[in-house]
$ cat upload-v6.cif   # mmCIF, C-alpha atoms
data_entry
#
loop_
_atom_site.label_atom_id
_atom_site.label_comp_id
_atom_site.auth_asym_id
_atom_site.auth_seq_id
_atom_site.Cartn_x
_atom_site.Cartn_y
_atom_site.Cartn_z
CA MET F 29 -7.69 -19.60 14.60
CA ILE F 30 -9.04 -16.30 15.95
CA GLU F 31 -7.27 -16.53 19.31
CA ASP F 32 -3.89 -16.34 17.55
CA LEU F 33 -4.72 -12.85 16.28
CA HIS F 34 -4.32 -11.29 19.73
CA HIS F 35 -0.68 -12.10 20.48
CA ALA F 36 1.73 -9.16 20.78
CA PRO F 37 3.88 -8.55 17.67
CA PRO F 38 7.57 -9.48 17.92
CA PRO F 39 10.18 -6.71 17.75
CA VAL F 40 11.51 -5.80 14.33
CA PRO F 41 14.90 -7.48 13.76
CA SER F 42 18.01 -5.38 13.20
CA SER F 43 18.25 -6.77 9.65
CA ALA F 44 15.16 -4.70 8.77
CA LEU F 45 16.48 -1.40 10.13
CA GLY F 46 18.11 1.02 7.72
CA ALA F 47 17.46 1.87 4.06
CA VAL F 48 16.70 0.08 0.80
CA ARG F 49 16.39 1.39 -2.75
CA LEU F 50 13.00 0.27 -4.01
CA ALA F 51 14.12 -0.53 -7.54
CA ASP F 52 10.76 -2.10 -8.36
CA TRP F 53 8.92 1.19 -7.76
CA GLY F 54 8.32 4.09 -10.11
CA VAL F 55 6.90 7.62 -10.06
CA ILE F 56 4.15 9.27 -12.09
CA ARG F 57 4.18 13.06 -12.35
CA ALA F 58 0.94 14.97 -12.80
CA GLN F 59 1.84 18.50 -13.87
CA GLY F 60 -0.37 21.55 -14.35
CA GLU F 61 -2.64 23.92 -12.52
CA GLU F 62 -5.46 21.34 -12.51
CA ALA F 63 -3.30 18.30 -11.71
CA ALA F 64 -4.64 17.80 -8.19
CA LYS F 65 -8.20 18.58 -9.28
CA PHE F 66 -8.03 15.97 -12.03
CA LEU F 67 -6.58 13.25 -9.78
CA HIS F 68 -9.22 14.09 -7.20
CA THR F 69 -11.86 12.92 -9.70
CA GLN F 70 -10.04 9.65 -10.36
CA LEU F 71 -8.70 8.35 -7.04
CA THR F 72 -10.25 7.18 -3.77
CA GLN F 73 -8.65 10.00 -1.79
CA ASP F 74 -9.12 13.77 -1.53
CA LEU F 75 -6.28 15.39 -3.45
CA ALA F 76 -8.03 18.73 -3.91
CA LEU F 77 -7.54 19.67 -0.25
CA GLN F 78 -4.19 17.92 0.17
CA THR F 79 -1.45 20.24 1.44
CA PRO F 80 2.32 20.02 0.80
CA VAL F 81 2.84 18.52 4.27
CA GLN F 82 0.30 15.74 3.69
CA ALA F 83 0.65 12.49 1.77
CA ARG F 84 -2.27 10.50 0.47
CA LEU F 85 -2.57 6.74 0.23
CA ALA F 86 -4.97 6.29 -2.67
CA GLY F 87 -6.50 3.63 -4.87
CA TYR F 88 -7.37 3.79 -8.56
CA CYS F 89 -10.45 1.69 -9.30
CA SER F 90 -12.22 0.31 -12.32
CA ALA F 91 -15.87 1.15 -12.88
CA LYS F 92 -16.68 -2.03 -10.94
CA GLY F 93 -14.82 -0.74 -7.89
CA ARG F 94 -11.89 -3.12 -8.31
CA LEU F 95 -8.41 -1.75 -7.63
CA LEU F 96 -6.21 -1.19 -10.67
CA ALA F 97 -3.42 0.37 -8.58
CA THR F 98 -2.59 1.72 -5.14
CA MET F 99 -0.19 4.60 -4.74
CA LEU F 100 1.26 7.30 -2.52
CA ALA F 101 0.56 10.88 -3.59
CA VAL F 102 2.71 13.85 -2.52
CA LYS F 103 2.85 17.45 -3.71
CA PRO F 104 6.38 18.78 -4.33
CA ASP F 105 4.97 22.16 -5.43
CA GLU F 106 1.66 23.89 -6.12
CA GLN F 107 1.26 22.58 -9.67
CA SER F 108 2.65 19.04 -9.34
CA VAL F 109 1.60 15.75 -7.81
CA LEU F 110 3.96 12.80 -7.59
CA LEU F 111 2.44 9.31 -7.44
CA ALA F 112 4.78 6.58 -6.17
CA LEU F 113 3.69 3.01 -6.91
CA PRO F 114 5.01 -0.41 -7.96
CA ALA F 115 6.57 -0.07 -11.41
CA GLU F 116 4.83 -3.15 -12.81
CA VAL F 117 1.45 -1.39 -12.77
CA LEU F 118 2.74 2.09 -13.65
CA PRO F 119 2.50 2.02 -17.49
CA ALA F 120 -1.11 0.83 -17.51
CA THR F 121 -2.00 3.37 -14.81
CA VAL F 122 -0.53 6.30 -16.76
CA LYS F 123 -2.21 5.13 -19.95
CA ARG F 124 -5.64 4.75 -18.37
CA LEU F 125 -5.50 8.00 -16.42
CA SER F 126 -4.39 9.85 -19.56
CA MET F 127 -7.55 8.71 -21.35
CA PHE F 128 -9.63 10.82 -18.98
CA VAL F 129 -7.57 14.04 -18.82
CA LEU F 130 -9.47 15.50 -21.81
CA ARG F 131 -9.39 19.30 -21.44
CA ALA F 132 -8.07 19.39 -17.87
CA LYS F 133 -4.89 21.42 -17.48
CA CYS F 134 -2.86 18.40 -16.45
CA LYS F 135 -0.09 16.40 -18.11
CA LEU F 136 0.74 12.90 -16.93
CA SER F 137 4.14 11.30 -17.46
CA ASP F 138 6.36 8.50 -16.21
CA ASP F 139 8.90 10.41 -14.12
CA SER F 140 10.68 7.36 -12.71
CA ALA F 141 14.03 8.28 -14.27
CA ALA F 142 14.08 11.53 -12.29
CA TRP F 143 13.41 10.02 -8.86
CA SER F 144 14.70 7.25 -6.67
CA VAL F 145 12.35 5.65 -4.16
CA TRP F 146 13.75 4.51 -0.82
CA GLY F 147 12.32 2.68 2.15
CA LEU F 148 13.70 3.78 5.53
CA SER F 149 13.03 2.16 8.90
CA GLY F 150 14.03 2.43 12.54
CA ALA F 151 15.21 5.07 14.97
CA GLN F 152 18.50 5.50 13.10
CA ALA F 153 16.59 6.37 9.93
CA ARG F 154 14.46 8.85 11.87
CA ASP F 155 17.62 10.44 13.30
CA TRP F 156 19.20 10.60 9.83
CA LEU F 157 16.17 12.52 8.56
CA GLY F 158 16.41 14.84 11.56
CA ALA F 159 13.88 17.68 11.50
CA ALA F 160 12.55 16.34 8.19
CA ALA F 161 11.27 13.16 9.87
CA PRO F 162 7.47 13.48 10.01
CA ALA F 163 5.90 12.34 13.27
CA GLU F 164 2.44 11.37 12.02
CA VAL F 165 1.48 8.72 9.49
CA TRP F 166 0.78 10.12 6.01
CA THR F 167 2.57 13.40 6.69
CA VAL F 168 5.55 14.68 4.70
CA GLY F 169 8.88 16.15 5.73
CA ARG F 170 11.23 17.97 3.37
CA LEU F 171 14.89 17.04 3.55
CA ALA F 172 17.29 19.72 2.28
CA LEU F 173 20.04 18.25 0.10
CA ALA F 174 23.53 19.67 -0.16
CA ASP F 175 22.92 21.08 -3.67
CA GLY F 176 19.80 22.99 -2.61
CA ARG F 177 17.26 20.48 -3.86
CA GLU F 178 14.77 18.66 -1.63
CA ALA F 179 13.82 15.08 -0.90
CA LEU F 180 10.36 14.18 0.36
CA ALA F 181 9.96 11.80 3.30
CA THR F 182 6.51 10.34 4.08
CA ARG F 183 5.76 8.60 7.37
CA LEU F 184 4.29 5.18 6.60
CA PRO F 185 2.14 2.89 8.72
CA ASP F 186 4.20 0.49 10.83
CA ASP F 187 3.86 -2.32 13.35
CA GLY F 188 3.31 0.15 16.19
CA LEU F 189 6.93 -0.06 17.31
CA THR F 190 9.28 0.88 14.47
CA PRO F 191 9.01 4.15 12.48
CA ARG F 192 9.03 3.78 8.67
CA PHE F 193 9.37 6.30 5.86
CA LEU F 194 9.12 6.38 2.08
CA LEU F 195 11.75 8.73 0.67
CA LEU F 196 11.50 10.30 -2.79
CA GLN F 197 14.69 12.02 -3.84
CA PRO F 198 16.33 13.09 -7.11
CA ALA F 199 17.75 10.03 -8.85
CA ASP F 200 21.31 11.37 -8.80
CA ALA F 201 21.28 12.25 -5.09
CA ALA F 202 23.53 10.31 -2.71
CA ALA F 203 22.09 7.23 -1.07
CA PRO F 204 20.94 7.62 2.55
CA ALA F 205 23.84 7.04 4.97
CA LEU F 206 22.16 4.09 6.65
CA PRO F 207 22.65 0.32 6.86
CA SER F 208 21.28 -1.61 3.89
CA ILE F 209 18.04 -3.58 4.14
CA ASP F 210 17.23 -6.54 1.92
CA PRO F 211 14.16 -5.79 -0.26
CA GLU F 212 12.29 -8.80 1.14
CA GLU F 213 12.90 -7.50 4.66
CA TRP F 214 11.34 -4.17 3.66
CA GLN F 215 8.39 -6.02 2.18
CA GLY F 216 8.16 -7.87 5.49
CA LEU F 217 7.74 -4.49 7.20
CA ASP F 218 4.91 -3.63 4.78
CA VAL F 219 3.29 -6.96 5.62
CA THR F 220 3.52 -6.50 9.40
CA ALA F 221 2.09 -2.98 8.95
CA GLY F 222 -0.89 -4.55 7.15
CA LEU F 223 -0.16 -2.56 3.99
CA ALA F 224 -0.53 -4.39 0.66
CA TRP F 225 0.22 -2.69 -2.67
CA ILE F 226 -1.51 -3.72 -5.88
CA ARG F 227 0.83 -5.72 -8.12
CA GLN F 228 0.26 -6.94 -11.66
CA ALA F 229 -1.04 -10.30 -10.44
CA THR F 230 -3.64 -8.63 -8.20
CA VAL F 231 -4.99 -5.97 -10.57
CA GLU F 232 -8.81 -5.93 -10.42
CA GLN F 233 -8.92 -8.61 -7.71
CA PHE F 234 -9.99 -6.48 -4.74
CA VAL F 235 -12.34 -3.67 -3.83
CA PRO F 236 -10.51 -1.26 -1.47
CA GLN F 237 -12.05 -2.67 1.72
CA MET F 238 -10.79 -6.17 0.90
CA LEU F 239 -7.26 -4.76 1.31
CA ASN F 240 -8.28 -2.78 4.43
CA LEU F 241 -7.47 0.35 2.44
CA GLU F 242 -10.02 2.50 4.27
CA LEU F 243 -8.61 1.39 7.65
CA LEU F 244 -5.21 2.67 6.55
CA GLY F 245 -6.56 6.06 5.47
CA GLY F 246 -6.73 5.28 1.75
CA VAL F 247 -10.43 6.03 1.10
CA ASN F 248 -12.31 9.27 1.65
CA PHE F 249 -16.06 8.64 1.82
CA GLN F 250 -16.97 12.35 1.83
CA LYS F 251 -15.31 13.32 -1.44
CA GLY F 252 -16.97 13.50 -4.84
CA CYS F 253 -17.32 10.83 -7.47
CA TYR F 254 -14.51 8.72 -8.90
CA PRO F 255 -14.55 5.50 -10.95
CA GLY F 256 -16.10 2.71 -8.88
CA GLN F 257 -17.21 5.06 -6.11
CA GLU F 258 -20.76 3.68 -5.92
CA VAL F 259 -19.50 0.13 -5.47
CA VAL F 260 -16.99 1.18 -2.80
CA ALA F 261 -19.61 3.19 -0.90
CA ARG F 262 -22.18 0.41 -1.12
CA SER F 263 -19.68 -2.09 0.25
CA GLN F 264 -19.01 0.24 3.16
CA TYR F 265 -22.52 1.21 4.18
CA ARG F 266 -24.56 -1.88 3.34
CA GLY F 267 -22.41 -4.27 5.31
CA THR F 268 -21.48 -6.37 2.29
CA ILE F 269 -17.78 -6.75 3.19
CA LYS F 270 -17.29 -10.48 3.66
CA ARG F 271 -13.57 -10.60 2.89
CA ARG F 272 -10.65 -8.85 4.56
CA THR F 273 -6.86 -8.93 4.48
CA HIS F 274 -5.12 -10.64 7.39
CA LEU F 275 -1.52 -11.30 8.38
CA PHE F 276 -0.13 -14.84 8.37
CA ALA F 277 3.17 -16.61 8.98
CA MET F 278 4.47 -19.77 7.30
CA ASP F 279 6.85 -22.38 8.71
CA GLY F 280 10.29 -22.85 7.21
CA SER F 281 12.73 -20.17 6.09
CA ASP F 282 12.60 -21.47 2.51
CA ALA F 283 8.81 -21.10 2.27
CA ASP F 284 7.74 -18.69 -0.45
CA ALA F 285 4.60 -17.01 -1.76
CA THR F 286 3.72 -14.53 -4.47
CA PRO F 287 0.90 -12.00 -4.82
CA GLY F 288 -2.02 -13.53 -6.66
CA GLN F 289 -1.56 -17.06 -5.28
CA GLU F 290 -4.79 -18.61 -4.08
CA ILE F 291 -5.55 -19.61 -0.49
CA PHE F 292 -7.63 -22.70 0.38
CA HIS F 293 -9.54 -23.73 3.50
CA SER F 294 -9.21 -27.21 4.97
CA ALA F 295 -12.98 -27.74 4.93
CA ASP F 296 -13.48 -26.66 1.30
CA PRO F 297 -10.54 -27.85 -0.81
CA GLU F 298 -12.28 -27.22 -4.15
CA GLN F 299 -12.94 -23.47 -3.85
CA PRO F 300 -10.35 -20.76 -3.12
CA ALA F 301 -10.94 -18.98 0.19
CA GLY F 302 -8.66 -16.06 -0.56
CA MET F 303 -5.61 -14.65 -2.33
CA VAL F 304 -2.11 -13.55 -1.38
CA ALA F 305 -1.91 -9.75 -1.43
CA GLY F 306 1.65 -9.24 -0.18
CA PHE F 307 4.71 -11.27 0.85
CA GLY F 308 7.96 -10.56 2.67
CA ARG F 309 10.38 -11.82 5.30
CA LEU F 310 11.73 -10.67 8.64
CA GLU F 311 15.01 -12.33 9.62
CA GLY F 312 14.20 -14.89 6.97
CA ARG F 313 10.81 -15.71 8.48
CA PRO F 314 8.17 -15.76 5.68
CA LEU F 315 5.14 -13.56 6.28
CA LEU F 316 2.23 -12.76 4.03
CA LEU F 317 -0.90 -10.68 3.78
CA ALA F 318 -3.83 -12.61 2.38
CA GLU F 319 -7.33 -11.46 1.54
CA VAL F 320 -9.63 -14.19 2.89
CA LYS F 321 -13.28 -14.90 3.53
CA LEU F 322 -14.10 -13.85 7.09
CA ALA F 323 -16.00 -17.08 7.60
CA ALA F 324 -12.80 -19.04 6.83
CA LEU F 325 -11.19 -17.64 10.00
CA GLU F 326 -13.81 -19.12 12.30
CA SER F 327 -12.54 -22.72 12.23
CA GLY F 328 -10.25 -25.09 10.38
CA THR F 329 -6.98 -24.08 8.74
CA LEU F 330 -5.90 -22.04 5.72
CA HIS F 331 -3.31 -23.28 3.23
CA LEU F 332 -1.25 -21.77 0.44
CA GLY F 333 -1.88 -22.99 -3.10
CA SER F 334 -4.09 -25.96 -2.23
CA ALA F 335 -5.76 -27.58 0.78
CA GLN F 336 -2.56 -29.65 1.14
CA GLY F 337 -0.25 -26.63 0.89
CA ALA F 338 1.71 -24.81 3.58
CA VAL F 339 -0.33 -23.97 6.68
CA LEU F 340 -0.92 -20.25 7.27
CA THR F 341 -0.72 -19.24 10.93
CA PRO F 342 -2.60 -16.03 11.84
CA ARG F 343 -0.61 -13.15 13.30
CA PRO F 344 -1.85 -9.83 14.71
CA LEU F 345 -2.33 -6.73 12.60
CA PRO F 346 -1.46 -3.34 14.11
CA TYR F 347 -5.01 -2.10 13.53
CA ALA F 348 -8.46 -3.48 14.29
CA ILE F 349 -10.74 -4.92 11.63
CA GLY F 350 -14.35 -4.26 12.54
CA GLU F 351 -17.67 -3.97 10.85
CA PRO F 352 -18.27 -0.84 8.73
CA GLU F 353 -20.30 1.86 10.42
#

$ encode --input "upload-v6.cif" --output "structure tokens"
Amino acid sequence: MIEDLHHAPPPVPSSALGAVRLADWGVIRAQGEEAAKFLHTQLTQDLALQTPVQARLAGYCSAKGRLLATMLAVKPDEQSVLLALPAEVLPATVKRLSMFVLRAKCKLSDDSAAWSVWGLSGAQARDWLGAAAPAEVWTVGRLALADGREALATRLPDDGLTPRFLLLQPADAAAPALPSIDPEEWQGLDVTAGLAWIRQATVEQFVPQMLNLELLGGVNFQKGCYPGQEVVARSQYRGTIKRRTHLFAMDGSDADATPGQEIFHSADPEQPAGMVAGFGRLEGRPLLLAEVKLAALESGTLHLGSAQGAVLTPRPLPYAIGEPE
């Protein structure tokens, strides 16, 4: 199976180039002079030193180091942090974070009604953003709107060929003047970028390294404590990471998968070997990210749902998975 991981990725189809409103995403606002300081103590990333031109991919962990949510953090102004994340985990995330605010000068709220979240991809999208198109991954450009307000465009990881951006703009602002992308095609771009977001079915299923979060810039190992930090650090430095997320394809345009589905190995049909972390399509071709035991990649085959389920064919990720230093 390993040899299949080294093939060059195919070009992104034209059906995945343009813009899509991510209706299944929401936005949390942290407001107050200690908003960034508070979130810094809760998330896997450094928000205290984050500047307005930087975005942060971050995880929110339980005390056992298991991910409760993953999110994108941007700073629209000096006293605000916006956290964009899948809407299905937003209410629980706001509720849990709010339990720990205590006396910090920070107010957390669901600000989804005020913002629309868009996925943009391709050279045409970059040209539409113009000077606001950030060149580096996890950097932010500010797009001036006709009424004087701003939209925030974050450069996302991609397949190494096609630029991608997450756009946060006021909910009543005009849609980007770009071709429409099907939501599953956008999710396919996330999958080929090796970027899996925590969904309701995968809450508390993974430590950050199982989702390759630190390889994508989502974990800062030099920052101070946060919930689960000891577990995350121990996994990194004691070489205990035995499971990683990999990219797979399935045969048949009608093949389907959902986050949280179990993966089985041909040689061990009784015990799950992994779990689906993300699913999407490119030109109708089903693709998925699955967290699997590293040993399961050495021989045999992996299957969706059961040892008799659809065969998962390994595909290359745009980044290398190696042993922790």

$ resolve_selection --input "upload-v6.cif" --expression "the PyMOL selection byres ((chain F and resi 70-73) around 7)" --output "PDB file with C-alpha atoms, in the coordinates of the input"
ATOM      1  CA  PHE F  66      -8.030  15.970 -12.030  1.00  0.00           C
ATOM      2  CA  LEU F  67      -6.580  13.250  -9.780  1.00  0.00           C
ATOM      3  CA  HIS F  68      -9.220  14.090  -7.200  1.00  0.00           C
ATOM      4  CA  THR F  69     -11.860  12.920  -9.700  1.00  0.00           C
ATOM      5  CA  ASP F  74      -9.120  13.770  -1.530  1.00  0.00           C
ATOM      6  CA  LEU F  75      -6.280  15.390  -3.450  1.00  0.00           C
ATOM      7  CA  ARG F  84      -2.270  10.500   0.470  1.00  0.00           C
ATOM      8  CA  ALA F  86      -4.970   6.290  -2.670  1.00  0.00           C
ATOM      9  CA  GLY F  87      -6.500   3.630  -4.870  1.00  0.00           C
ATOM     10  CA  TYR F  88      -7.370   3.790  -8.560  1.00  0.00           C
ATOM     11  CA  GLY F 246      -6.730   5.280   1.750  1.00  0.00           C
ATOM     12  CA  VAL F 247     -10.430   6.030   1.100  1.00  0.00           C
ATOM     13  CA  ASN F 248     -12.310   9.270   1.650  1.00  0.00           C
ATOM     14  CA  TYR F 254     -14.510   8.720  -8.900  1.00  0.00           C
ATOM     15  CA  PRO F 255     -14.550   5.500 -10.950  1.00  0.00           C
TER      16      PRO F 255
END

$ residues_around --input "upload-v6.cif" --residues "Trp166 of chain F" --least-positions-apart "3" --cutoff "8 Å" --atoms "only C-alpha atoms" --output "list in words"
Gln82, Ala83, Arg84, Leu85, Thr182, Arg183, Leu184 and Pro185 of chain F

$ atom_distance --input "upload-v6.cif" --atom1 "atom CA of Ala97 of chain F" --atom2 "atom CA of Ala229 of chain F"
11.1 Å

$ residues_around --input "upload-v6.cif" --residues "segment 323-332 of chain F" --least-positions-apart "5" --cutoff "8 Å" --atoms "only C-alpha atoms" --output "ChimeraX atom specification"
/F:29-30,270,285,289-295,301,337-341

$ atom_distance --input "upload-v6.cif" --atom1 "atom CA of Pro346 of chain F" --atom2 "atom CA of Thr190 of chain F"
11.5 Å

$ closest_residue --input "upload-v6.cif" --among "F:Arg227, F:Met238, F:Gly252, F:Trp143" --to "Ala201 of chain F" --atoms "only C-alpha atoms"
F:Trp143

$ residues_around --input "upload-v6.cif" --residues "Ser149 of chain F" --least-positions-apart "6" --cutoff "7 Å" --atoms "only C-alpha atoms" --output "list in words"
Leu45, Gly46, Ala47, Thr190, Pro191, Arg192 and Phe193 of chain F

$ closest_residue --input "upload-v6.cif" --among "F:Val48, F:Val81, F:Met99, F:Val259" --to "Leu180 of chain F" --atoms "only C-alpha atoms"
F:Val81

$ atom_distance --input "upload-v6.cif" --atom1 "atom CA of Ala76 of chain F" --atom2 "atom CA of Glu62 of chain F"
9.3 Å

$ residues_around --input "upload-v6.cif" --residues "Phe234 of chain F" --least-positions-apart "2" --cutoff "7 Å" --atoms "only C-alpha atoms" --output "PyMOL selection string"
chain F and resi 94-95+232+236+238-239

$ residues_around --input "upload-v6.cif" --residues "Glu213 of chain F" --least-positions-apart "6" --cutoff "10 Å" --atoms "all atoms listed in the file" --output "list in words"
Val40, Pro41, Ser43, Ala44, Leu45, Val48, Val219, Phe307, Gly308, Arg309, Leu310, Glu311, Gly312, Arg313, Pro314 and Leu315 of chain F

$ resolve_selection --input "upload-v6.cif" --expression "the PyMOL selection byres ((chain F and resi 169) around 7)" --output "PyMOL selection string"
chain F and resi 81+160-162+167-168+170-171+180-182

$ write_last_selection --input "upload-v6.cif" --atoms "C-alpha atoms" --output "compact mmCIF listing (two decimals), keeping the file's coordinate frame"
# COMPACT_ATOMS: atom_id res chain seq x y z
CA VAL F 81 2.84 18.52 4.27
CA ALA F 160 12.55 16.34 8.19
CA ALA F 161 11.27 13.16 9.87
CA PRO F 162 7.47 13.48 10.01
CA THR F 167 2.57 13.40 6.69
CA VAL F 168 5.55 14.68 4.70
CA ARG F 170 11.23 17.97 3.37
CA LEU F 171 14.89 17.04 3.55
CA LEU F 180 10.36 14.18 0.36
CA ALA F 181 9.96 11.80 3.30
CA THR F 182 6.51 10.34 4.08

$ decode --input "upload-v6.cif" --residues "segment 296-305 of chain F" --atoms "all heavy atoms" --output "short mmCIF file (atom, residue, chain, number, x, y, z; two decimals), in the first residue's frame"
data_model
loop_
_atom_site.label_atom_id
_atom_site.label_comp_id
_atom_site.auth_asym_id
_atom_site.auth_seq_id
_atom_site.Cartn_x
_atom_site.Cartn_y
_atom_site.Cartn_z
N ASP F 296 -7.60 -8.08 10.01
CA ASP F 296 -8.16 -8.04 11.36
C ASP F 296 -9.59 -7.51 11.28
O ASP F 296 -9.87 -6.37 11.65
CB ASP F 296 -7.29 -7.15 12.25
CG ASP F 296 -7.73 -7.19 13.72
OD1 ASP F 296 -8.57 -8.05 14.06
OD2 ASP F 296 -7.24 -6.36 14.50
N PRO F 297 -10.51 -8.34 10.79
CA PRO F 297 -11.87 -7.86 10.53
C PRO F 297 -12.69 -7.56 11.78
O PRO F 297 -13.75 -6.94 11.67
CB PRO F 297 -12.50 -9.02 9.74
CG PRO F 297 -11.73 -10.23 10.16
CD PRO F 297 -10.33 -9.75 10.40
N GLU F 298 -12.22 -7.96 12.95
CA GLU F 298 -13.01 -7.78 14.17
C GLU F 298 -12.76 -6.44 14.85
O GLU F 298 -13.63 -5.96 15.59
CB GLU F 298 -12.70 -8.92 15.15
CG GLU F 298 -12.98 -10.31 14.61
CD GLU F 298 -14.43 -10.50 14.21
OE1 GLU F 298 -15.30 -9.97 14.92
OE2 GLU F 298 -14.69 -11.16 13.19
N GLN F 299 -11.60 -5.85 14.64
CA GLN F 299 -11.22 -4.62 15.35
C GLN F 299 -11.05 -3.46 14.37
O GLN F 299 -10.35 -3.60 13.37
CB GLN F 299 -9.92 -4.83 16.13
CG GLN F 299 -10.00 -5.89 17.20
CD GLN F 299 -10.92 -5.49 18.33
OE1 GLN F 299 -11.05 -4.32 18.67
NE2 GLN F 299 -11.58 -6.48 18.93
N PRO F 300 -11.67 -2.31 14.64
CA PRO F 300 -11.47 -1.16 13.75
C PRO F 300 -10.00 -0.75 13.70
O PRO F 300 -9.29 -0.78 14.71
CB PRO F 300 -12.32 -0.06 14.40
CG PRO F 300 -13.30 -0.79 15.25
CD PRO F 300 -12.60 -2.01 15.74
N ALA F 301 -9.55 -0.39 12.51
CA ALA F 301 -8.18 0.07 12.32
C ALA F 301 -8.09 1.57 12.19
O ALA F 301 -6.99 2.14 12.13
CB ALA F 301 -7.58 -0.58 11.07
N GLY F 302 -9.25 2.24 12.16
CA GLY F 302 -9.23 3.69 12.01
C GLY F 302 -10.63 4.26 11.92
O GLY F 302 -11.63 3.57 12.15
N MET F 303 -10.70 5.55 11.58
CA MET F 303 -11.97 6.27 11.52
C MET F 303 -11.90 7.35 10.45
O MET F 303 -10.88 8.02 10.28
CB MET F 303 -12.26 6.90 12.88
CG MET F 303 -13.55 7.71 12.95
SD MET F 303 -13.89 8.31 14.63
CE MET F 303 -14.39 6.76 15.42
N VAL F 304 -13.02 7.54 9.75
CA VAL F 304 -13.12 8.61 8.76
C VAL F 304 -13.10 9.95 9.48
O VAL F 304 -13.86 10.19 10.42
CB VAL F 304 -14.41 8.47 7.92
CG1 VAL F 304 -14.54 9.65 6.96
CG2 VAL F 304 -14.41 7.16 7.15
N ALA F 305 -12.22 10.84 9.01
CA ALA F 305 -12.11 12.18 9.61
C ALA F 305 -12.67 13.26 8.70
O ALA F 305 -13.02 14.34 9.16
CB ALA F 305 -10.65 12.48 9.93
#
